[in-house]
Amino acid sequence: MSEQPNEQAVGPRTRSYGPEVAEFVERFAAELTEAGMQRMASRVFACMLAEDSGTLGSAELSERLRISPAAVSGAIRYLSQVHLVTREREPGSRRERYRVHADAWYKAMADRDALLGRWNATFDQGLKAVGPDTPAGRRIAETAEFFDFMRRELAMMLDRWHAHRDAVRGGDSSEPS
């Protein structure tokens with residue numbers, strides 16, 4: 001067996017990846033971390049994104065990334081909460097596999113619409129609490145206006161994304177396998 005974990009067979013349905021892919025995984029993970037995502041979640045997501053099947057188990061992620069199963073568990077919990085991965089059960093097994101879908105970013109962004117709606121309700125409450133004619137009230141009002149604008153634009157942008165994706169794929173909006 002090789003000394004390099006990235007060159008070993010890691011699972012029944014996955015193949016290992018070489019140094020170039022490992023470099024991509026770590027670089028993209030660093031970019032995601034820099035943008036505010038948790039470090040381990042960034043590494044797990046990048047690893048899954050680089051997997052042809054889009055599906056890996058905890059042991060495979062632990063081995064590829066040289067992290068503990070507990071670190072995988074925490075990362076998956078976060079990634080599930082933000083809708084970047086889903087959990088699946090292997091038929092006839094208690095083991096879970098984790099899947100990243102081609103439209104993971106779309107789903108994550110679409111979920112922001114509900115979050116922005118909740119924030120606007122909170123901003124309304126804050127505006128009433130501090131008063132609309134105070135400096136704090138004006139800041140809260142502008143913040144609410146900004147996020148309301150973002151919410152409307154996000155919805156239109158996601159619609160345009162679907163049209164663009166369908167045009168590029170020739171009308172086939174199914175996820176690649």
# chains A, B, ... in the order shown; residues from 1 in each chain; ligands from 1
$ select_by_dssp --residues "region 4-173 of chain A" --states "strand (DSSP E)" --output "list in words"
Thr55, Leu56, Gly57, Thr86, Arg87, Glu88, Arg89, Glu96, Arg97, Tyr98 and Arg99 of chain A
$ write_last_selection --atoms "N, CA, C and O atoms" --output "PDB file, in the first residue's frame"
ATOM      1  N   THR A  55     -20.663  11.584  -3.746  1.00  0.00           N
ATOM      2  CA  THR A  55     -21.087  10.894  -2.537  1.00  0.00           C
ATOM      3  C   THR A  55     -19.884  10.279  -1.839  1.00  0.00           C
ATOM      4  O   THR A  55     -19.083   9.591  -2.476  1.00  0.00           O
ATOM      5  N   LEU A  56     -19.773  10.531  -0.543  1.00  0.00           N
ATOM      6  CA  LEU A  56     -18.718   9.930   0.271  1.00  0.00           C
ATOM      7  C   LEU A  56     -19.272   9.593   1.641  1.00  0.00           C
ATOM      8  O   LEU A  56     -20.223  10.223   2.105  1.00  0.00           O
ATOM      9  N   GLY A  57     -18.659   8.632   2.281  1.00  0.00           N
ATOM     10  CA  GLY A  57     -18.998   8.279   3.650  1.00  0.00           C
ATOM     11  C   GLY A  57     -18.024   8.903   4.622  1.00  0.00           C
ATOM     12  O   GLY A  57     -16.983   9.448   4.235  1.00  0.00           O
ATOM     13  N   THR A  86     -26.572  16.528   1.522  1.00  0.00           N
ATOM     14  CA  THR A  86     -27.678  15.763   2.095  1.00  0.00           C
ATOM     15  C   THR A  86     -27.115  14.450   2.626  1.00  0.00           C
ATOM     16  O   THR A  86     -26.064  13.986   2.194  1.00  0.00           O
ATOM     17  N   ARG A  87     -27.855  13.869   3.565  1.00  0.00           N
ATOM     18  CA  ARG A  87     -27.485  12.576   4.140  1.00  0.00           C
ATOM     19  C   ARG A  87     -28.344  11.501   3.495  1.00  0.00           C
ATOM     20  O   ARG A  87     -29.528  11.705   3.282  1.00  0.00           O
ATOM     21  N   GLU A  88     -27.720  10.358   3.232  1.00  0.00           N
ATOM     22  CA  GLU A  88     -28.438   9.225   2.668  1.00  0.00           C
ATOM     23  C   GLU A  88     -28.009   7.970   3.418  1.00  0.00           C
ATOM     24  O   GLU A  88     -26.870   7.870   3.847  1.00  0.00           O
ATOM     25  N   ARG A  89     -28.906   7.029   3.523  1.00  0.00           N
ATOM     26  CA  ARG A  89     -28.595   5.730   4.130  1.00  0.00           C
ATOM     27  C   ARG A  89     -28.232   4.756   3.025  1.00  0.00           C
ATOM     28  O   ARG A  89     -28.893   4.702   1.994  1.00  0.00           O
ATOM     29  N   GLU A  96     -24.285   6.121   7.021  1.00  0.00           N
ATOM     30  CA  GLU A  96     -24.767   7.215   6.185  1.00  0.00           C
ATOM     31  C   GLU A  96     -23.714   7.548   5.143  1.00  0.00           C
ATOM     32  O   GLU A  96     -22.515   7.403   5.377  1.00  0.00           O
ATOM     33  N   ARG A  97     -24.196   8.004   4.009  1.00  0.00           N
ATOM     34  CA  ARG A  97     -23.328   8.576   2.987  1.00  0.00           C
ATOM     35  C   ARG A  97     -23.810   9.999   2.799  1.00  0.00           C
ATOM     36  O   ARG A  97     -24.963  10.317   3.042  1.00  0.00           O
ATOM     37  N   TYR A  98     -22.917  10.836   2.385  1.00  0.00           N
ATOM     38  CA  TYR A  98     -23.226  12.249   2.236  1.00  0.00           C
ATOM     39  C   TYR A  98     -23.091  12.607   0.763  1.00  0.00           C
ATOM     40  O   TYR A  98     -22.169  12.171   0.094  1.00  0.00           O
ATOM     41  N   ARG A  99     -24.045  13.407   0.275  1.00  0.00           N
ATOM     42  CA  ARG A  99     -24.083  13.741  -1.143  1.00  0.00           C
ATOM     43  C   ARG A  99     -24.094  15.253  -1.332  1.00  0.00           C
ATOM     44  O   ARG A  99     -24.826  15.970  -0.657  1.00  0.00           O
TER      45      ARG A  99
END
$ residues_around --residues "Leu65 (chain A)" --least-positions-apart "5" --cutoff "8 Å" --atoms "only C-alpha atoms" --output "ChimeraX atom specification"
/A:43-44,47
$ select_by_dssp --residues "region 98-149 of chain A" --states "alpha helix (DSSP H)" --output "PyMOL selection string"
chain A and resi 104-130+135-149
$ residues_around --residues "region 111-120 of chain A" --least-positions-apart "4" --cutoff "8 Å" --atoms "only C-alpha atoms" --output "PyMOL selection string"
chain A and resi 82-83+107+124+144+147-148+151+154-155
$ write_last_selection --atoms "N, CA, C and O atoms" --output "short mmCIF file (atom, residue, chain, number, x, y, z; two decimals), in the first residue's frame"
data_model
loop_
_atom_site.label_atom_id
_atom_site.label_comp_id
_atom_site.auth_asym_id
_atom_site.auth_seq_id
_atom_site.Cartn_x
_atom_site.Cartn_y
_atom_site.Cartn_z
N VAL A 82 -26.93 24.22 6.11
CA VAL A 82 -26.93 25.26 5.07
C VAL A 82 -27.28 24.69 3.70
O VAL A 82 -27.13 25.36 2.68
N HIS A 83 -27.73 23.44 3.68
CA HIS A 83 -28.25 22.77 2.48
C HIS A 83 -27.23 22.62 1.36
O HIS A 83 -27.58 22.67 0.18
N LYS A 107 -29.57 25.75 -4.19
CA LYS A 107 -30.40 25.47 -3.02
C LYS A 107 -29.98 26.32 -1.83
O LYS A 107 -30.83 26.85 -1.10
N ASP A 124 -37.93 45.33 11.35
CA ASP A 124 -39.14 46.11 11.64
C ASP A 124 -39.29 46.28 13.14
O ASP A 124 -39.60 47.38 13.62
N ALA A 144 -32.54 47.27 6.46
CA ALA A 144 -33.74 46.55 6.04
C ALA A 144 -34.01 46.77 4.56
O ALA A 144 -34.35 45.83 3.83
N PHE A 147 -31.51 44.65 2.49
CA PHE A 147 -31.82 43.24 2.45
C PHE A 147 -33.13 42.95 1.71
O PHE A 147 -33.27 41.91 1.08
N ASP A 148 -34.07 43.88 1.75
CA ASP A 148 -35.29 43.72 0.97
C ASP A 148 -34.95 43.76 -0.52
O ASP A 148 -35.44 42.95 -1.31
N ARG A 151 -33.25 40.53 -1.44
CA ARG A 151 -34.21 39.43 -1.53
C ARG A 151 -34.94 39.45 -2.87
O ARG A 151 -35.08 38.41 -3.51
N LEU A 154 -32.34 38.55 -5.59
CA LEU A 154 -31.95 37.14 -5.51
C LEU A 154 -32.98 36.26 -6.20
O LEU A 154 -32.62 35.36 -6.97
N ALA A 155 -34.24 36.52 -5.96
CA ALA A 155 -35.30 35.72 -6.59
C ALA A 155 -35.22 35.83 -8.11
O ALA A 155 -35.30 34.82 -8.82
#
$ residues_around --residues "Met37 (chain A)" --least-positions-apart "4" --cutoff "12 Å" --atoms "only C-alpha atoms" --output "list in words"
Phe28, Ala29, Ala30, Glu31, Leu32, Thr33, Ala41, Ser42, Arg43, Val44, Phe45, Ala46, Ala75, Tyr78, Leu79, Val82 and Leu84 of chain A
$ write_last_selection --atoms "C-alpha atoms" --output "CSV table (one decimal), in the first residue's frame"
chain,number,residue,atom,x,y,z
A,28,PHE,CA,-10.8,25.8,-2.5
A,29,ALA,CA,-11.4,25.0,1.2
A,30,ALA,CA,-9.0,27.8,2.1
A,31,GLU,CA,-11.0,30.2,-0.2
A,32,LEU,CA,-14.3,29.0,1.5
A,33,THR,CA,-12.8,29.5,4.9
A,41,ALA,CA,-16.9,22.2,6.6
A,42,SER,CA,-14.9,23.9,3.9
A,43,ARG,CA,-12.5,20.9,3.5
A,44,VAL,CA,-15.3,18.4,3.6
A,45,PHE,CA,-17.4,20.3,1.0
A,46,ALA,CA,-14.4,20.8,-1.3
A,75,ALA,CA,-18.7,19.5,9.2
A,78,TYR,CA,-23.1,22.4,9.4
A,79,LEU,CA,-23.2,21.6,5.6
A,82,VAL,CA,-26.9,25.3,5.1
A,84,LEU,CA,-24.9,22.1,0.7
